[in-house]
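Chemist: Structure in structure tokens, see below.
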Amino acid sequence: MLHWDKMSNTVFVSDPALRPVAEKVIAGQRLSAEDGAALCASRDVHGIGRLANFVREKLHGHNTFFNRNRHINYTNVCALSCKFCSFYRKRGEEGAYEMPVEQVIATAVKAAEAGATEVHIVGGLHPWLKFDYYLQMLSGIRRECPQLHIKAFTAIEIIHLGRVARLNVRETLEALRDAGLGSLPGGGAEIFDDRVHDEVFKGKVREDRWFEVHRTAHELGIYSNATMLYGHVETPAQRIGHMIKLRQLQDESLAAKKACFNCVIPLSFIPENSELGHLPGPTGLTDLKTLAIARLMIDNIAHIKAFWIMQTPQLSQLALNWGCDDLDGTVVWYDITKREGDGVHQELGVKDIRRLIREAGKTPVERDTLYRELKTRESRSALQPT
Ligand code: SF4
């Protein structure tokens, strides 16, 4: 329920410190870093949720997006050892794997036959795979499944592939695009802050390179997404700083009118099996607040995703009234993070996704990767009287 009083044009917040923020939100004004700090400091989680929901409904009404997708993690062998990561293995270590190109293509074909419209392909920074491996993967999928959208490679993978191929970022992206790449997922962003970078993922490129990849992709007309991994060693101010930096690039990309970020995906840190396993990880309220604050601070990226793999289906459902308008998709297989007891097979059926959305009082909308609505048999029959 939207606690928006049309007569007085206010959204109810119980924390007096949030009233100036609420006024700016209602007036459609951009929030500052200080406003972000006030939101982070407030315990009025419901007030923050109502404000985020106000923005979400202004942008999308009750529409809540999902897609039929299949994640493919082609290798977990990685040259780096980020402390928050429980995915990577060193070559030869127990559990290390690399999929032959044919296996990646066959997995994509199977997904397309099952109705997927997108494959989401990411992996570790494999020290020995040649650039041809990636080109053959993309062109093979494009050849076998011309309709399937290929969303692949985080910014850090793009930099790695460029080093392997001895190409700069633009040339790397052009080569991948020509082979079949459709868009970029948003991983590898973590938290844009040098102190956090040096403490937790030192071997990774710094934020300037992450932004270089996404800026160049947008210049080439390649749409992308952006993540933020929260709930480890960062401060609330560093989260807000991260959001503002994303907003700045989006301003540039929107002005250039070629391509831009489609979606922000705040990722809840899962400590299990990582080198930061001693940390408690974010609570449910931190999850809800962070998702809602992302909606409020990042006013120029259309969609905020509650990624059910990281936030759980239950909390993601709740987040649909805390500013989020996207639940990701069917996923099927996800090897990057696993909660205790979860295997890599992590799947939500379309019926389950629709039920989660409807139960939250929202309208399920099946989309393609670029957020164009797909008129499926189910969505058409939902309009027919039963
Ligand atoms: S987060 Fe990515 S780059 Fe870092 S160790 Fe894990 S797979 Fe490698």
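Starting from 1 in every chain, residues are counted up; chains themselves are A, B, ... following the order of the structure tokens, and ligands are numbered from 1 as listed.
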Would you kindly return, as a VMD selection string, each protein, DNA or RNA residue with an atom no farther than 12 Å from any atom of segment 356-366 of chain A, considering only C-alpha atoms and excluding same-chain residues fewer than 5 positions away?

Modeler: chain A and resid 1 to 2 53 56 to 57 60 to 69 116 to 117 306 308 312 to 330 348 to 351 371 to 380 382 to 383

Chemist: Just the alpha helix (DSSP H) stuff from segment 267-359 of chain A, please, per backbone DSSP, written as a PyMOL selection string.

Modeler: chain A and resi 284-297+308-311+313-319+350-359

Chemist: Just to be explicit: take each residue in the selection above, keep N, CA and C atoms, and write the result as a short mmCIF file (atom, residue, chain, number, x, y, z; two decimals), in the first residue's frame.

Modeler:
```cif
data_model
loop_
_atom_site.label_atom_id
_atom_site.label_comp_id
_atom_site.auth_asym_id
_atom_site.auth_seq_id
_atom_site.Cartn_x
_atom_site.Cartn_y
_atom_site.Cartn_z
N GLY A 284 18.14 -9.18 7.06
CA GLY A 284 17.01 -8.91 6.16
C GLY A 284 16.69 -7.43 6.08
N LEU A 285 16.77 -6.74 7.22
CA LEU A 285 16.45 -5.30 7.19
C LEU A 285 17.51 -4.52 6.42
N THR A 286 18.78 -4.94 6.55
CA THR A 286 19.83 -4.27 5.76
C THR A 286 19.57 -4.49 4.27
N ASP A 287 19.16 -5.72 3.92
CA ASP A 287 18.83 -5.99 2.51
C ASP A 287 17.73 -5.04 2.02
N LEU A 288 16.64 -5.00 2.77
CA LEU A 288 15.51 -4.17 2.32
C LEU A 288 15.89 -2.70 2.23
N LYS A 289 16.60 -2.22 3.25
CA LYS A 289 17.00 -0.81 3.26
C LYS A 289 17.92 -0.50 2.09
N THR A 290 18.88 -1.40 1.84
CA THR A 290 19.85 -1.13 0.77
C THR A 290 19.17 -1.11 -0.59
N LEU A 291 18.26 -2.05 -0.81
CA LEU A 291 17.54 -2.08 -2.09
C LEU A 291 16.71 -0.81 -2.25
N ALA A 292 16.04 -0.41 -1.17
CA ALA A 292 15.19 0.78 -1.23
C ALA A 292 16.04 2.04 -1.45
N ILE A 293 17.17 2.12 -0.76
CA ILE A 293 18.01 3.31 -0.90
C ILE A 293 18.60 3.37 -2.32
N ALA A 294 18.92 2.19 -2.88
CA ALA A 294 19.40 2.19 -4.28
C ALA A 294 18.35 2.80 -5.20
N ARG A 295 17.08 2.44 -4.99
CA ARG A 295 16.00 3.00 -5.83
C ARG A 295 15.93 4.52 -5.67
N LEU A 296 16.14 4.97 -4.43
CA LEU A 296 16.01 6.41 -4.18
C LEU A 296 17.21 7.21 -4.69
N MET A 297 18.40 6.67 -4.52
CA MET A 297 19.60 7.42 -4.90
C MET A 297 19.85 7.39 -6.41
N TRP A 308 16.90 -13.00 -6.62
CA TRP A 308 16.39 -13.94 -5.61
C TRP A 308 17.45 -14.95 -5.16
N ILE A 309 18.44 -15.19 -6.03
CA ILE A 309 19.52 -16.11 -5.64
C ILE A 309 20.26 -15.56 -4.41
N MET A 310 20.50 -14.27 -4.39
CA MET A 310 21.28 -13.67 -3.31
C MET A 310 20.39 -13.22 -2.15
N GLN A 311 19.22 -12.69 -2.47
CA GLN A 311 18.37 -12.16 -1.40
C GLN A 311 17.34 -13.18 -0.92
N PRO A 313 14.19 -15.99 -2.41
CA PRO A 313 12.90 -15.67 -3.03
C PRO A 313 11.97 -14.95 -2.05
N GLN A 314 12.02 -15.34 -0.77
CA GLN A 314 11.11 -14.74 0.22
C GLN A 314 11.38 -13.25 0.39
N LEU A 315 12.66 -12.90 0.60
CA LEU A 315 12.95 -11.48 0.82
C LEU A 315 12.80 -10.68 -0.48
N SER A 316 13.12 -11.32 -1.59
CA SER A 316 12.96 -10.62 -2.88
C SER A 316 11.49 -10.27 -3.11
N GLN A 317 10.62 -11.18 -2.68
CA GLN A 317 9.18 -10.91 -2.83
C GLN A 317 8.79 -9.67 -2.02
N LEU A 318 9.31 -9.60 -0.80
CA LEU A 318 9.04 -8.44 0.05
C LEU A 318 9.60 -7.16 -0.58
N ALA A 319 10.78 -7.30 -1.19
CA ALA A 319 11.47 -6.13 -1.77
C ALA A 319 10.68 -5.50 -2.91
N VAL A 350 8.52 -20.48 -13.87
CA VAL A 350 7.80 -19.27 -14.24
C VAL A 350 6.52 -19.12 -13.40
N LYS A 351 5.87 -20.26 -13.14
CA LYS A 351 4.64 -20.20 -12.32
C LYS A 351 4.95 -19.67 -10.92
N ASP A 352 6.08 -20.13 -10.36
CA ASP A 352 6.47 -19.68 -9.02
C ASP A 352 6.79 -18.19 -9.02
N ILE A 353 7.49 -17.75 -10.06
CA ILE A 353 7.84 -16.33 -10.13
C ILE A 353 6.57 -15.49 -10.21
N ARG A 354 5.65 -15.92 -11.07
CA ARG A 354 4.40 -15.17 -11.21
C ARG A 354 3.63 -15.14 -9.88
N ARG A 355 3.65 -16.27 -9.18
CA ARG A 355 2.93 -16.33 -7.89
C ARG A 355 3.55 -15.39 -6.86
N LEU A 356 4.89 -15.39 -6.80
CA LEU A 356 5.56 -14.48 -5.86
C LEU A 356 5.17 -13.03 -6.14
N ILE A 357 5.14 -12.68 -7.43
CA ILE A 357 4.85 -11.30 -7.81
C ILE A 357 3.39 -10.94 -7.51
N ARG A 358 2.48 -11.84 -7.89
CA ARG A 358 1.05 -11.55 -7.68
C ARG A 358 0.74 -11.43 -6.20
N GLU A 359 1.34 -12.33 -5.41
CA GLU A 359 1.07 -12.33 -3.97
C GLU A 359 1.55 -11.03 -3.32
#
```

Chemist: Hey, which residues sit close to ligand 1? Say within 10 Å, counting only C-alpha atoms and all ligand atoms, and write them as a ChimeraX atom specification.

Modeler: /A:73,75-90,122-126,154,156-157,160,187-190,200-205,274,336-337

Chemist: Would you pick out the contacts of segment 215-219 of chain A at 10 Å or less, using only C-alpha atoms, so that residues sharing its chain but fewer than 3 positions from it are not included, and give the list as a ChimeraX atom specification?

Modeler: /A:155,169-171,173-174,177,183-184,209-212,222-224,249-250,252-254,256-261

Chemist: For the residues in that selection, give me N, CA and C atoms as a short mmCIF file (atom, residue, chain, number, x, y, z; two decimals), in the first residue's frame.

Modeler:
```
data_model
loop_
_atom_site.label_atom_id
_atom_site.label_comp_id
_atom_site.auth_asym_id
_atom_site.auth_seq_id
_atom_site.Cartn_x
_atom_site.Cartn_y
_atom_site.Cartn_z
N ALA A 155 32.95 -6.82 -16.32
CA ALA A 155 33.99 -5.87 -16.78
C ALA A 155 35.38 -6.44 -16.54
N VAL A 169 40.21 -2.20 -24.71
CA VAL A 169 38.83 -2.50 -24.29
C VAL A 169 37.85 -2.37 -25.46
N ARG A 170 38.01 -1.32 -26.24
CA ARG A 170 37.08 -1.10 -27.36
C ARG A 170 37.19 -2.25 -28.38
N GLU A 171 38.43 -2.59 -28.71
CA GLU A 171 38.63 -3.66 -29.71
C GLU A 171 38.10 -5.01 -29.18
N LEU A 173 35.66 -5.47 -26.98
CA LEU A 173 34.18 -5.47 -27.02
C LEU A 173 33.67 -5.61 -28.45
N GLU A 174 34.35 -4.94 -29.39
CA GLU A 174 33.91 -5.04 -30.80
C GLU A 174 34.02 -6.48 -31.30
N ARG A 177 31.30 -8.50 -29.61
CA ARG A 177 29.99 -8.14 -30.18
C ARG A 177 29.82 -8.76 -31.56
N SER A 183 24.83 -8.11 -24.60
CA SER A 183 24.93 -7.08 -23.56
C SER A 183 25.83 -7.59 -22.44
N LEU A 184 26.14 -6.69 -21.51
CA LEU A 184 27.03 -7.06 -20.40
C LEU A 184 26.23 -7.17 -19.10
N ARG A 209 38.79 1.23 -14.33
CA ARG A 209 38.74 0.27 -15.44
C ARG A 209 37.33 -0.31 -15.61
N TRP A 210 36.64 -0.54 -14.47
CA TRP A 210 35.26 -1.04 -14.55
C TRP A 210 34.41 -0.03 -15.33
N PHE A 211 34.61 1.25 -14.98
CA PHE A 211 33.82 2.28 -15.66
C PHE A 211 34.25 2.42 -17.13
N GLU A 212 35.52 2.23 -17.39
CA GLU A 212 36.00 2.31 -18.78
C GLU A 212 35.28 1.26 -19.64
N ILE A 222 26.24 -1.03 -26.75
CA ILE A 222 26.01 -2.27 -26.00
C ILE A 222 25.44 -1.91 -24.62
N TYR A 223 24.25 -2.38 -24.32
CA TYR A 223 23.63 -2.10 -23.02
C TYR A 223 24.31 -2.94 -21.94
N SER A 224 24.24 -2.44 -20.71
CA SER A 224 24.88 -3.18 -19.62
C SER A 224 24.08 -2.99 -18.33
N LEU A 249 27.84 7.97 -14.35
CA LEU A 249 28.07 7.41 -15.69
C LEU A 249 26.75 7.33 -16.46
N GLN A 250 25.67 7.00 -15.74
CA GLN A 250 24.39 6.92 -16.45
C GLN A 250 23.99 8.28 -17.03
N GLU A 252 25.99 10.52 -18.19
CA GLU A 252 26.79 10.67 -19.43
C GLU A 252 26.20 9.81 -20.55
N SER A 253 25.88 8.57 -20.21
CA SER A 253 25.42 7.63 -21.25
C SER A 253 24.05 8.05 -21.79
N LEU A 254 23.19 8.52 -20.91
CA LEU A 254 21.87 8.97 -21.38
C LEU A 254 22.02 10.17 -22.29
N ALA A 256 24.52 10.83 -24.21
CA ALA A 256 25.09 10.41 -25.49
C ALA A 256 24.09 9.62 -26.34
N LYS A 257 23.03 9.09 -25.72
CA LYS A 257 21.91 8.43 -26.42
C LYS A 257 22.30 7.23 -27.27
N LYS A 258 23.29 6.45 -26.80
CA LYS A 258 23.62 5.24 -27.58
C LYS A 258 23.16 4.00 -26.83
N ALA A 259 23.68 3.82 -25.63
CA ALA A 259 23.22 2.71 -24.77
C ALA A 259 23.49 3.14 -23.33
N CYS A 260 22.98 2.40 -22.39
CA CYS A 260 23.11 2.83 -20.99
C CYS A 260 22.96 1.61 -20.08
N PHE A 261 22.96 1.85 -18.78
CA PHE A 261 22.65 0.78 -17.83
C PHE A 261 21.15 0.50 -17.88
#
```

Chemist: Which residues are near Phe192 of chain A? Cut-off 9 Å, only C-alpha atoms, ignore same chain within fewer than 6 positions. Put them as a list in words.

Modeler: Arg206, Glu207, Met228, Gln238, Arg239, Gly241, His242, Met243 and Lys245 of chain A

Chemist: Could you write out the selected residues, including N, CA and C atoms, as an mmCIF file, in the first residue's frame?

Modeler:
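Once everything was written out, this is selection37.cif:
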```
data_model
loop_
_atom_site.group_PDB
_atom_site.id
_atom_site.type_symbol
_atom_site.label_atom_id
_atom_site.label_comp_id
_atom_site.auth_asym_id
_atom_site.auth_seq_id
_atom_site.Cartn_x
_atom_site.Cartn_y
_atom_site.Cartn_z
ATOM 1 N N ARG A 206 40.898 -1.534 -10.619
ATOM 2 C CA ARG A 206 40.167 -0.534 -9.832
ATOM 3 C C ARG A 206 38.945 -0.032 -10.603
ATOM 4 N N GLU A 207 38.192 0.817 -9.923
ATOM 5 C CA GLU A 207 36.904 1.252 -10.478
ATOM 6 C C GLU A 207 37.054 1.969 -11.823
ATOM 7 N N MET A 228 26.287 -4.044 -7.057
ATOM 8 C CA MET A 228 26.975 -3.518 -5.875
ATOM 9 C C MET A 228 26.939 -4.640 -4.837
ATOM 10 N N GLN A 238 30.211 4.431 1.915
ATOM 11 C CA GLN A 238 30.825 3.875 0.699
ATOM 12 C C GLN A 238 29.767 3.281 -0.229
ATOM 13 N N ARG A 239 28.708 2.742 0.351
ATOM 14 C CA ARG A 239 27.591 2.283 -0.509
ATOM 15 C C ARG A 239 26.976 3.462 -1.265
ATOM 16 N N GLY A 241 28.381 6.289 -1.971
ATOM 17 C CA GLY A 241 29.361 6.744 -2.969
ATOM 18 C C GLY A 241 29.282 5.889 -4.231
ATOM 19 N N HIS A 242 29.138 4.582 -4.049
ATOM 20 C CA HIS A 242 29.032 3.648 -5.173
ATOM 21 C C HIS A 242 27.814 4.003 -6.038
ATOM 22 N N MET A 243 26.698 4.236 -5.374
ATOM 23 C CA MET A 243 25.467 4.547 -6.109
ATOM 24 C C MET A 243 25.613 5.851 -6.894
ATOM 25 N N LYS A 245 28.341 7.168 -8.056
ATOM 26 C CA LYS A 245 29.235 6.982 -9.213
ATOM 27 C C LYS A 245 28.499 6.314 -10.386
#
```

Chemist: Within 8 Å of segment 93-110 of chain A, counting only C-alpha atoms, which residues qualify if same-chain residues fewer than 5 places away don't, as an MDAnalysis selection string?

Modeler: chainID A and resid 70 72 74:77 88 119 133 136:137 140:141 144:145

Chemist: Gly277 of chain A: which residues within 12 Å, counting only C-alpha atoms, same-chain residues fewer than 2 positions away excluded, as a list in words?

Modeler: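 Those residues are Lys83, Phe84, Cys85, Ser86, His232, Val233, Phe269, Ile270, Pro271, Glu272, Asn273, Ser274, Glu275, Leu279, Pro280, Gly281, Arg339 and Glu340 of chain A.
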
Chemist: Could those residues be written to a file, using N, CA and C atoms, as a JSON list (two decimals), in the first residue's frame?

Modeler:
```json
[["chain", "number", "residue", "atom", "x", "y", "z"],
["A", 83, "LYS", "N", 38.76, -12.08, -1.58],
["A", 83, "LYS", "CA", 38.43, -12.64, -0.26],
["A", 83, "LYS", "C", 36.95, -12.97, -0.09],
["A", 84, "PHE", "N", 36.09, -12.24, -0.78],
["A", 84, "PHE", "CA", 34.65, -12.47, -0.59],
["A", 84, "PHE", "C", 34.14, -13.63, -1.45],
["A", 85, "CYS", "N", 35.02, -14.21, -2.28],
["A", 85, "CYS", "CA", 34.55, -15.13, -3.33],
["A", 85, "CYS", "C", 34.69, -16.59, -2.89],
["A", 86, "SER", "N", 33.61, -17.33, -2.96],
["A", 86, "SER", "CA", 33.66, -18.76, -2.62],
["A", 86, "SER", "C", 33.60, -19.62, -3.89],
["A", 232, "HIS", "N", 29.75, -6.44, 3.61],
["A", 232, "HIS", "CA", 31.02, -7.07, 4.06],
["A", 232, "HIS", "C", 31.82, -6.05, 4.86],
["A", 233, "VAL", "N", 32.82, -5.40, 4.25],
["A", 233, "VAL", "CA", 33.65, -4.50, 5.06],
["A", 233, "VAL", "C", 33.42, -3.02, 4.71],
["A", 269, "PHE", "N", 25.91, -9.84, 0.30],
["A", 269, "PHE", "CA", 27.10, -10.67, 0.50],
["A", 269, "PHE", "C", 26.75, -11.95, 1.28],
["A", 270, "ILE", "N", 27.22, -13.08, 0.76],
["A", 270, "ILE", "CA", 27.01, -14.37, 1.44],
["A", 270, "ILE", "C", 28.37, -14.87, 1.93],
["A", 271, "PRO", "N", 28.61, -14.82, 3.25],
["A", 271, "PRO", "CA", 29.96, -15.11, 3.76],
["A", 271, "PRO", "C", 30.40, -16.57, 3.64],
["A", 272, "GLU", "N", 29.44, -17.53, 3.66],
["A", 272, "GLU", "CA", 29.79, -18.95, 3.72],
["A", 272, "GLU", "C", 30.85, -19.33, 2.70],
["A", 273, "ASN", "N", 31.85, -20.06, 3.16],
["A", 273, "ASN", "CA", 32.91, -20.62, 2.31],
["A", 273, "ASN", "C", 33.83, -19.58, 1.68],
["A", 274, "SER", "N", 33.74, -18.33, 2.09],
["A", 274, "SER", "CA", 34.69, -17.33, 1.57],
["A", 274, "SER", "C", 35.72, -17.05, 2.66],
["A", 275, "GLU", "N", 36.75, -16.28, 2.30],
["A", 275, "GLU", "CA", 37.76, -15.91, 3.30],
["A", 275, "GLU", "C", 37.19, -14.92, 4.32],
["A", 279, "LEU", "N", 32.52, -13.00, 8.95],
["A", 279, "LEU", "CA", 31.60, -11.85, 9.01],
["A", 279, "LEU", "C", 30.16, -12.34, 9.07],
["A", 280, "PRO", "N", 29.28, -11.54, 9.68],
["A", 280, "PRO", "CA", 27.91, -12.04, 9.84],
["A", 280, "PRO", "C", 27.06, -11.96, 8.57],
["A", 281, "GLY", "N", 27.45, -11.11, 7.61],
["A", 281, "GLY", "CA", 26.61, -10.91, 6.42],
["A", 281, "GLY", "C", 25.43, -10.01, 6.75],
["A", 339, "ARG", "N", 24.12, -20.68, -0.81],
["A", 339, "ARG", "CA", 23.86, -20.66, 0.63],
["A", 339, "ARG", "C", 24.05, -22.08, 1.14],
["A", 340, "GLU", "N", 24.28, -22.19, 2.44],
["A", 340, "GLU", "CA", 24.50, -23.51, 3.06],
["A", 340, "GLU", "C", 23.40, -24.47, 2.61]]
```

Chemist: Where does DSSP see strand (DSSP E or B) in segment 76-162 of chain A, if you list the residues as number ranges by chain?

Modeler: A: 77, 89, 98, 118-122, 149-152

Chemist: Emit the selected residues as a compact mmCIF listing (two decimals), in the first residue's frame, including all heavy atoms.

Modeler:
```
# COMPACT_ATOMS: atom_id res chain seq x y z
N VAL A 77 37.90 -21.64 -12.61
CA VAL A 77 39.34 -21.44 -12.44
C VAL A 77 39.63 -19.95 -12.58
O VAL A 77 39.19 -19.32 -13.55
CB VAL A 77 40.13 -22.24 -13.51
CG1 VAL A 77 41.61 -21.93 -13.42
CG2 VAL A 77 39.87 -23.73 -13.33
N ARG A 89 38.52 -21.53 -7.95
CA ARG A 89 39.45 -22.62 -7.62
C ARG A 89 40.71 -22.39 -8.44
O ARG A 89 40.67 -21.76 -9.48
CB ARG A 89 38.85 -23.99 -8.02
CG ARG A 89 37.61 -24.40 -7.27
CD ARG A 89 37.90 -24.80 -5.82
NE ARG A 89 36.68 -25.18 -5.11
CZ ARG A 89 35.81 -24.33 -4.56
NH1 ARG A 89 36.01 -23.03 -4.63
NH2 ARG A 89 34.73 -24.78 -3.94
N GLU A 98 36.51 -26.53 -16.13
CA GLU A 98 36.34 -25.62 -17.27
C GLU A 98 35.51 -26.38 -18.30
O GLU A 98 35.79 -27.53 -18.60
CB GLU A 98 37.71 -25.18 -17.84
CG GLU A 98 38.60 -26.30 -18.25
CD GLU A 98 40.06 -26.09 -17.89
OE1 GLU A 98 40.39 -25.26 -17.03
OE2 GLU A 98 40.88 -26.81 -18.46
N GLU A 118 17.34 -15.79 -22.80
CA GLU A 118 18.66 -15.20 -22.49
C GLU A 118 19.57 -16.24 -21.85
O GLU A 118 19.12 -17.04 -21.03
CB GLU A 118 18.45 -14.04 -21.51
CG GLU A 118 19.71 -13.49 -20.88
CD GLU A 118 19.41 -12.62 -19.66
OE1 GLU A 118 18.86 -11.52 -19.84
OE2 GLU A 118 19.72 -13.06 -18.52
N VAL A 119 20.85 -16.21 -22.22
CA VAL A 119 21.87 -16.91 -21.43
C VAL A 119 22.74 -15.84 -20.78
O VAL A 119 23.06 -14.82 -21.39
CB VAL A 119 22.74 -17.89 -22.24
CG1 VAL A 119 22.08 -19.24 -22.38
CG2 VAL A 119 23.13 -17.31 -23.59
N HIS A 120 23.09 -16.11 -19.55
CA HIS A 120 23.90 -15.17 -18.75
C HIS A 120 25.19 -15.92 -18.45
O HIS A 120 25.20 -16.87 -17.67
CB HIS A 120 23.11 -14.83 -17.48
CG HIS A 120 23.80 -13.89 -16.54
ND1 HIS A 120 23.14 -12.84 -15.94
CD2 HIS A 120 25.06 -13.84 -16.07
CE1 HIS A 120 23.98 -12.19 -15.16
NE2 HIS A 120 25.15 -12.78 -15.21
N ILE A 121 26.27 -15.52 -19.12
CA ILE A 121 27.51 -16.32 -19.06
C ILE A 121 28.62 -15.53 -18.37
O ILE A 121 29.01 -14.45 -18.83
CB ILE A 121 27.97 -16.68 -20.50
CG1 ILE A 121 26.84 -17.43 -21.24
CG2 ILE A 121 29.23 -17.51 -20.46
CD1 ILE A 121 27.15 -17.71 -22.70
N VAL A 122 29.08 -16.04 -17.25
CA VAL A 122 30.26 -15.44 -16.59
C VAL A 122 31.10 -16.56 -16.00
O VAL A 122 30.63 -17.66 -15.76
CB VAL A 122 29.87 -14.44 -15.46
CG1 VAL A 122 29.18 -13.21 -15.99
CG2 VAL A 122 29.01 -15.11 -14.40
N HIS A 149 19.37 -14.20 -26.56
CA HIS A 149 20.23 -13.05 -26.23
C HIS A 149 21.41 -13.55 -25.37
O HIS A 149 21.21 -14.26 -24.40
CB HIS A 149 19.44 -12.00 -25.45
CG HIS A 149 20.24 -10.77 -25.14
ND1 HIS A 149 20.13 -9.61 -25.86
CD2 HIS A 149 21.19 -10.53 -24.21
CE1 HIS A 149 20.96 -8.70 -25.38
NE2 HIS A 149 21.63 -9.25 -24.37
N ILE A 150 22.61 -13.12 -25.74
CA ILE A 150 23.80 -13.54 -24.97
C ILE A 150 24.27 -12.36 -24.13
O ILE A 150 24.80 -11.37 -24.65
CB ILE A 150 24.95 -14.02 -25.89
CG1 ILE A 150 24.45 -15.07 -26.88
CG2 ILE A 150 26.10 -14.56 -25.04
CD1 ILE A 150 25.47 -15.47 -27.93
N LYS A 151 24.02 -12.48 -22.83
CA LYS A 151 24.53 -11.47 -21.88
C LYS A 151 25.75 -12.13 -21.23
O LYS A 151 25.62 -13.17 -20.59
CB LYS A 151 23.44 -11.17 -20.85
CG LYS A 151 23.82 -10.12 -19.85
CD LYS A 151 22.61 -9.65 -19.06
CE LYS A 151 22.23 -10.64 -17.99
NZ LYS A 151 21.15 -10.19 -17.12
N ALA A 152 26.91 -11.54 -21.44
CA ALA A 152 28.10 -12.28 -20.98
C ALA A 152 29.24 -11.37 -20.57
O ALA A 152 29.39 -10.27 -21.09
CB ALA A 152 28.58 -13.21 -22.10
```

Chemist: In Å to one decimal, how far is atom CA of Lys130 of chain A from atom CA of Asp198 of chain A?

Modeler: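 Separation of atom CA of Asp198 of chain A and atom CA of Lys130 of chain A: 28.8 Å.
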
Chemist: With distances taken over only C-alpha atoms, which of A:Asp15, A:Glu23, A:Asp178, A:Glu34 is nearest to Gly47 of chain A?

Modeler: A:Asp15

Chemist: For a quick check of understanding, using only C-alpha atoms, which of A:Ser32, A:Ser139, A:Thr10, A:Gln147 has the smallest distance to Ile244 of chain A?

Modeler: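 For Ile244 of chain A, the nearest of the given residues is A:Ser32.
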
Chemist: Which neighbours of Ile265 of chain A fall inside 7 Å, counting only C-alpha atoms, when residues of the same chain fewer than 3 positions from it are skipped, and could you give them as an NGL selection string?

Modeler: :A and (226-228 or 304-307)

Chemist: Would you mind reading off the distance between atom CA of Leu176 of chain A and atom CA of Ile301 of chain A, one decimal, in Å?

Modeler: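 Atom-to-atom, atom CA of Leu176 of chain A and atom CA of Ile301 of chain A are spaced 24.9 Å apart.
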
Chemist: Work out how far apart atom CA of His71 of chain A and atom CA of Val332 of chain A are and give it in Å to one decimal.

Modeler: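 The value is 6.7 Å.
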